[in-house]
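K.L.:
Pasting a structure below so you can have a look.
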Amino acid sequence: METEPLQIRLAVRELVEFVLRRGSIDSRFSGFDRANEGSRIHRKLQKAAGDSYKAEVPFKAERTVDDVCYTLEGRADGVITEPDGHFTIDEIKTTGAPAELLTADFNPLHWAQAKCYGAFLCQRESLPGVDIQITYYQVDTDEIIRHRRTFSAEALEDFLTDTLRLYTPWAHMEAAWRATRNASLKALCFPFPAYRPGQYEMAGAVYRTIAGGGRLFCAAPTGIGKTVSTLFPALKALGEEKGERIFYLTAKTITRQAAEDALARLRVHSTSCGTPLRLKTITLTAKDKICPLEERVCTPEACPRADGYYDRINAALYSFLSQTDEFTRADIEAFALQKQLCPFELALDLTNWCDCIVCDYNYLFDPVVSLKRFFTEGGDFIFLIDEAHNLVDRARDMYSAQLLKSAVYGVKKALGKGHRKLTAALNKVNSEMIELRRRCEEADEHRLVIPEGLPELNKLLSRLSAACEDWLEEH
């Protein structure tokens, strides 16, 4: 009797970045301002490409490899159709890396992602082959560097098959785990002898909201047991595959501890009932707290755990996931030390395979530190946001920023002579801020509102950021 193939849904970017990643962690060339500029620059390049350029082309395809049926989804930055009917896949990458490093071999993952789209396009249009183009935009100098290669449909299909084959053991592990998890969640019972007044109604409302894909705002009195009243129905919904994973988001360490305690109680109670809870859980710890270095520098030269991290992580990850269901800070630090891995990045990699992630609000809402591995592509996630009234002040902090001219001038003064590139960048920012001050002084009530934003200042700040990074590397 033939068995049905495993059904796995994957984003193309998720696939290639997981199975093909190599090399070291290197935080250079990835500043906050550059990340925010990326979408705007993509649109700018796409618009300038002309009528033959179709932007943001979606792909969805199925492939069966090693008895695993994959549904693959992604979106190419652009597809160029030449007058002769020839097609080119364009993959745009915004980077702060120096232009001289942006060779054709700068990052093989960029080619890998585009080659998958090329395989899909060849099948869709019955093409013998396509061109793949990687477009690099250097944000500090506005340089555009392009590399183009031609691939046959057969070569692209072989590449896609080989890439999917690397994912086979992970696909089987994921499927086996999901069956085990769901069976334990189906048997999961409420961990107390009885519900408190209002608790049953709250849990029922949470379950119905998740099942219906809605949103629920709960105001409940202290002492009702809000944590278990949300976690328990969320876990029951997860066991019925009404979501991919649970994010329990908090503002304070003490409320994160409450979530951990509730999960621990559920584990103990389920074991006493005869069906142990099988649930992979993790609590994320801030990088500053979990990094073992006295001075946090995420480069292969400064940190031996960053050096070659991506060459070692997948084998270590498979081993760690096979050992335990509960990933505590102490366990992560101990395993990271044993395998010489960055504990913070290890924790983030573990989240891809965990069912419940307890973390700070920042990981969902903050534009700088949000878990882009999840929220860029989207997903069917269950968000439990504890003490949501704290979001008001936190949102103000996350989405507001200030820059003082006095700080810019102070750095320039402290720098002294002999640092021409950085001094020049500081001078330009300082001059632009003097101009803004003049405009403000001339405005009514000395209040200047600029709806169109500050493109010139943003460009100068981006270049200042690059100059600062260069100076810091030297000193």
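By convention in this document, the chains of the structure tokens carry letters A, B, ... by their order, each chain's residues are numbered from 1, and ligands are numbered from 1 in the order they are shown.
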Would you pick out the contacts of segment 68-76 of chain A at 8 Å or less, using only C-alpha atoms, so that residues sharing its chain but fewer than 6 positions from it are not included, and give the list as a ChimeraX atom specification?
P.N.:
/A:5-13,55-62,89-91,114,117,168,171
K.L.:
For atom CA of Pro343 of chain A and atom CA of Ala262 of chain A, determine how far apart the two atoms are, in Å to one decimal place.
P.N.:
24.7 Å
K.L.:
Residues near Thr103 of chain A, anyone? I mean within 10 Å using only C-alpha atoms, not counting same-chain ones fewer than 5 positions away, as a list in words.
P.N.:
Tyr136, Ile145, Arg146 and His147 of chain A
K.L.:
Let's have the selection written as a tab-separated table (two decimals), in the first residue's frame, with N, CA and C atoms.
P.N.:
chain	number	residue	atom	x	y	z
A	136	TYR	N	23.01	44.83	-7.53
A	136	TYR	CA	23.41	45.36	-6.22
A	136	TYR	C	23.32	46.88	-6.23
A	145	ILE	N	25.49	47.92	-9.43
A	145	ILE	CA	26.39	46.91	-10.02
A	145	ILE	C	25.56	45.70	-10.39
A	146	ARG	N	25.66	45.27	-11.65
A	146	ARG	CA	24.85	44.15	-12.13
A	146	ARG	C	25.73	43.01	-12.63
A	147	HIS	N	25.28	41.79	-12.34
A	147	HIS	CA	25.93	40.58	-12.85
A	147	HIS	C	24.85	39.71	-13.48
K.L.:
Let's see if you can do this: from backbone DSSP, list all alpha helix (DSSP H) residues in segment 33-151 of chain A, as an MDAnalysis selection string.
P.N.:
chainID A and resid 33:48 108:125
K.L.:
Can I get the selected residues back with N, CA, C and O atoms, as a compact mmCIF listing (two decimals), in the first residue's frame?
P.N.:
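New file result-v9.txt:
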# COMPACT_ATOMS: atom_id res chain seq x y z
N ASP A 33 19.46 51.97 9.05
CA ASP A 33 18.98 52.87 8.00
C ASP A 33 18.98 52.17 6.65
O ASP A 33 18.10 52.38 5.83
N ARG A 34 19.96 51.29 6.41
CA ARG A 34 20.02 50.59 5.14
C ARG A 34 18.83 49.64 4.99
O ARG A 34 18.26 49.50 3.93
N ALA A 35 18.48 48.96 6.08
CA ALA A 35 17.35 48.02 6.02
C ALA A 35 16.07 48.75 5.65
O ALA A 35 15.27 48.27 4.86
N ASN A 36 15.87 49.93 6.22
CA ASN A 36 14.66 50.69 5.94
C ASN A 36 14.65 51.28 4.53
O ASN A 36 13.60 51.49 3.95
N GLU A 37 15.85 51.52 4.01
CA GLU A 37 15.93 52.07 2.66
C GLU A 37 15.64 51.02 1.59
O GLU A 37 15.31 51.36 0.46
N GLY A 38 15.76 49.74 1.95
CA GLY A 38 15.67 48.69 0.95
C GLY A 38 14.44 48.71 0.08
O GLY A 38 14.53 48.68 -1.14
N SER A 39 13.27 48.81 0.70
CA SER A 39 12.02 48.78 -0.06
C SER A 39 11.91 49.97 -1.00
O SER A 39 11.48 49.83 -2.16
N ARG A 40 12.30 51.14 -0.51
CA ARG A 40 12.23 52.34 -1.35
C ARG A 40 13.15 52.21 -2.56
O ARG A 40 12.77 52.56 -3.69
N ILE A 41 14.36 51.68 -2.34
CA ILE A 41 15.32 51.53 -3.43
C ILE A 41 14.84 50.50 -4.44
O ILE A 41 14.99 50.69 -5.65
N HIS A 42 14.24 49.42 -3.95
CA HIS A 42 13.67 48.42 -4.87
C HIS A 42 12.66 49.08 -5.80
O HIS A 42 12.72 48.89 -7.02
N ARG A 43 11.76 49.86 -5.23
CA ARG A 43 10.73 50.50 -6.05
C ARG A 43 11.36 51.48 -7.05
O ARG A 43 10.92 51.57 -8.21
N LYS A 44 12.38 52.19 -6.60
CA LYS A 44 13.06 53.15 -7.47
C LYS A 44 13.69 52.45 -8.68
O LYS A 44 13.53 52.90 -9.83
N LEU A 45 14.40 51.36 -8.46
CA LEU A 45 15.05 50.63 -9.55
C LEU A 45 14.03 49.97 -10.47
O LEU A 45 14.20 49.95 -11.69
N GLN A 46 12.97 49.43 -9.88
CA GLN A 46 11.93 48.78 -10.68
C GLN A 46 11.24 49.79 -11.60
O GLN A 46 10.97 49.52 -12.77
N LYS A 47 10.97 50.97 -11.06
CA LYS A 47 10.28 52.01 -11.85
C LYS A 47 11.15 52.50 -12.99
O LYS A 47 10.67 52.81 -14.09
N ALA A 48 12.48 52.56 -12.73
CA ALA A 48 13.41 53.08 -13.74
C ALA A 48 13.71 52.07 -14.84
O ALA A 48 14.33 52.40 -15.85
N PRO A 108 26.51 33.65 -2.77
CA PRO A 108 25.87 32.61 -3.58
C PRO A 108 24.37 32.46 -3.30
O PRO A 108 23.62 31.99 -4.17
N LEU A 109 23.90 32.85 -2.11
CA LEU A 109 22.48 32.72 -1.79
C LEU A 109 21.62 33.62 -2.68
O LEU A 109 20.47 33.29 -2.97
N HIS A 110 22.18 34.74 -3.11
CA HIS A 110 21.43 35.64 -3.99
C HIS A 110 21.14 34.94 -5.33
O HIS A 110 20.03 35.04 -5.87
N TRP A 111 22.14 34.24 -5.86
CA TRP A 111 21.94 33.47 -7.10
C TRP A 111 20.96 32.33 -6.86
O TRP A 111 20.10 32.04 -7.70
N ALA A 112 21.09 31.66 -5.72
CA ALA A 112 20.26 30.49 -5.44
C ALA A 112 18.79 30.83 -5.46
O ALA A 112 17.96 30.10 -6.04
N GLN A 113 18.43 31.93 -4.80
CA GLN A 113 17.03 32.33 -4.76
C GLN A 113 16.50 32.61 -6.16
O GLN A 113 15.42 32.14 -6.55
N ALA A 114 17.28 33.36 -6.95
CA ALA A 114 16.85 33.72 -8.30
C ALA A 114 16.80 32.49 -9.21
O ALA A 114 15.93 32.40 -10.10
N LYS A 115 17.68 31.53 -9.00
CA LYS A 115 17.68 30.32 -9.82
C LYS A 115 16.42 29.49 -9.59
O LYS A 115 15.89 28.87 -10.51
N CYS A 116 15.93 29.49 -8.36
CA CYS A 116 14.66 28.79 -8.09
C CYS A 116 13.52 29.45 -8.87
O CYS A 116 12.70 28.76 -9.49
N TYR A 117 13.49 30.78 -8.86
CA TYR A 117 12.47 31.49 -9.63
C TYR A 117 12.64 31.20 -11.12
O TYR A 117 11.65 31.09 -11.87
N GLY A 118 13.89 31.08 -11.55
CA GLY A 118 14.16 30.76 -12.96
C GLY A 118 13.59 29.40 -13.35
O GLY A 118 13.03 29.23 -14.43
N ALA A 119 13.74 28.43 -12.45
CA ALA A 119 13.18 27.10 -12.71
C ALA A 119 11.66 27.16 -12.83
O ALA A 119 11.06 26.54 -13.72
N PHE A 120 11.03 27.95 -11.95
CA PHE A 120 9.57 28.08 -12.00
C PHE A 120 9.15 28.75 -13.31
O PHE A 120 8.16 28.34 -13.94
N LEU A 121 9.88 29.79 -13.72
CA LEU A 121 9.53 30.53 -14.94
C LEU A 121 9.69 29.65 -16.17
O LEU A 121 8.85 29.69 -17.09
N CYS A 122 10.77 28.87 -16.20
CA CYS A 122 10.98 27.97 -17.35
C CYS A 122 9.83 26.98 -17.49
O CYS A 122 9.37 26.71 -18.60
N GLN A 123 9.37 26.45 -16.37
CA GLN A 123 8.26 25.52 -16.42
C GLN A 123 6.97 26.22 -16.83
O GLN A 123 6.21 25.72 -17.68
N ARG A 124 6.73 27.41 -16.27
CA ARG A 124 5.49 28.14 -16.55
C ARG A 124 5.40 28.54 -18.01
O ARG A 124 4.32 28.45 -18.63
N GLU A 125 6.51 29.00 -18.59
CA GLU A 125 6.50 29.52 -19.96
C GLU A 125 7.06 28.55 -20.99
O GLU A 125 7.24 28.92 -22.15
K.L.:
Got a sec: who's within 7 Å of Thr88 of chain A, counting only C-alpha atoms, leaving out chain neighbours fewer than 3 positions off, as number ranges by chain?
P.N.:
A: 79-81, 130-133
K.L.:
Kindly give the distance, in Å, that separates atom CA of Asp360 of chain A and atom CA of Leu249 of chain A, rounded to a single decimal.
P.N.:
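For atom CA of Asp360 of chain A relative to atom CA of Leu249 of chain A, the distance reads 5.3 Å.
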K.L.:
Write out as a PDB file with C-alpha atoms, in the first residue's frame which residues come within 7 Å of segment 366-382 of chain A when counting only C-alpha atoms, dropping same-chain ones fewer than 6 positions away.
P.N.:
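Contents of the output file result_33.pdb:
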ATOM      1  CA  PHE A  32      19.256  50.022  10.484  1.00  0.00           C
ATOM      2  CA  GLY A 243      -1.975  28.194  13.477  1.00  0.00           C
ATOM      3  CA  GLU A 244       1.698  27.522  12.738  1.00  0.00           C
ATOM      4  CA  ARG A 245       3.150  28.616  16.079  1.00  0.00           C
ATOM      5  CA  ILE A 246       2.388  30.740  19.123  1.00  0.00           C
ATOM      6  CA  PHE A 247       4.153  33.976  20.042  1.00  0.00           C
ATOM      7  CA  MET A 398      10.038  52.126  18.795  1.00  0.00           C
TER       8      MET A 398
END
K.L.:
Give me, please, the distance in Å between atom CA of Cys354 of chain A and atom CA of Asp325 of chain A, quoted to one decimal.
P.N.:
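That distance, rounded to one decimal, is 8.4 Å.
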K.L.:
Return the single residue from A:Thr222, A:Asn107, A:Ser52, A:Ser184 that is closest to Pro83 of chain A, with distances computed using only C-alpha atoms.
P.N.:
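Using only C-alpha atoms, Pro83 of chain A sits closest to A:Ser52.
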K.L.:
Measuring atom to atom with only C-alpha atoms, identify which of A:Ile254, A:Ile385, A:Ala183, A:Ala443 is nearest to Tyr361 of chain A.
P.N.:
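Ranked by minimum distance to Tyr361 of chain A, first place goes to A:Ile385.
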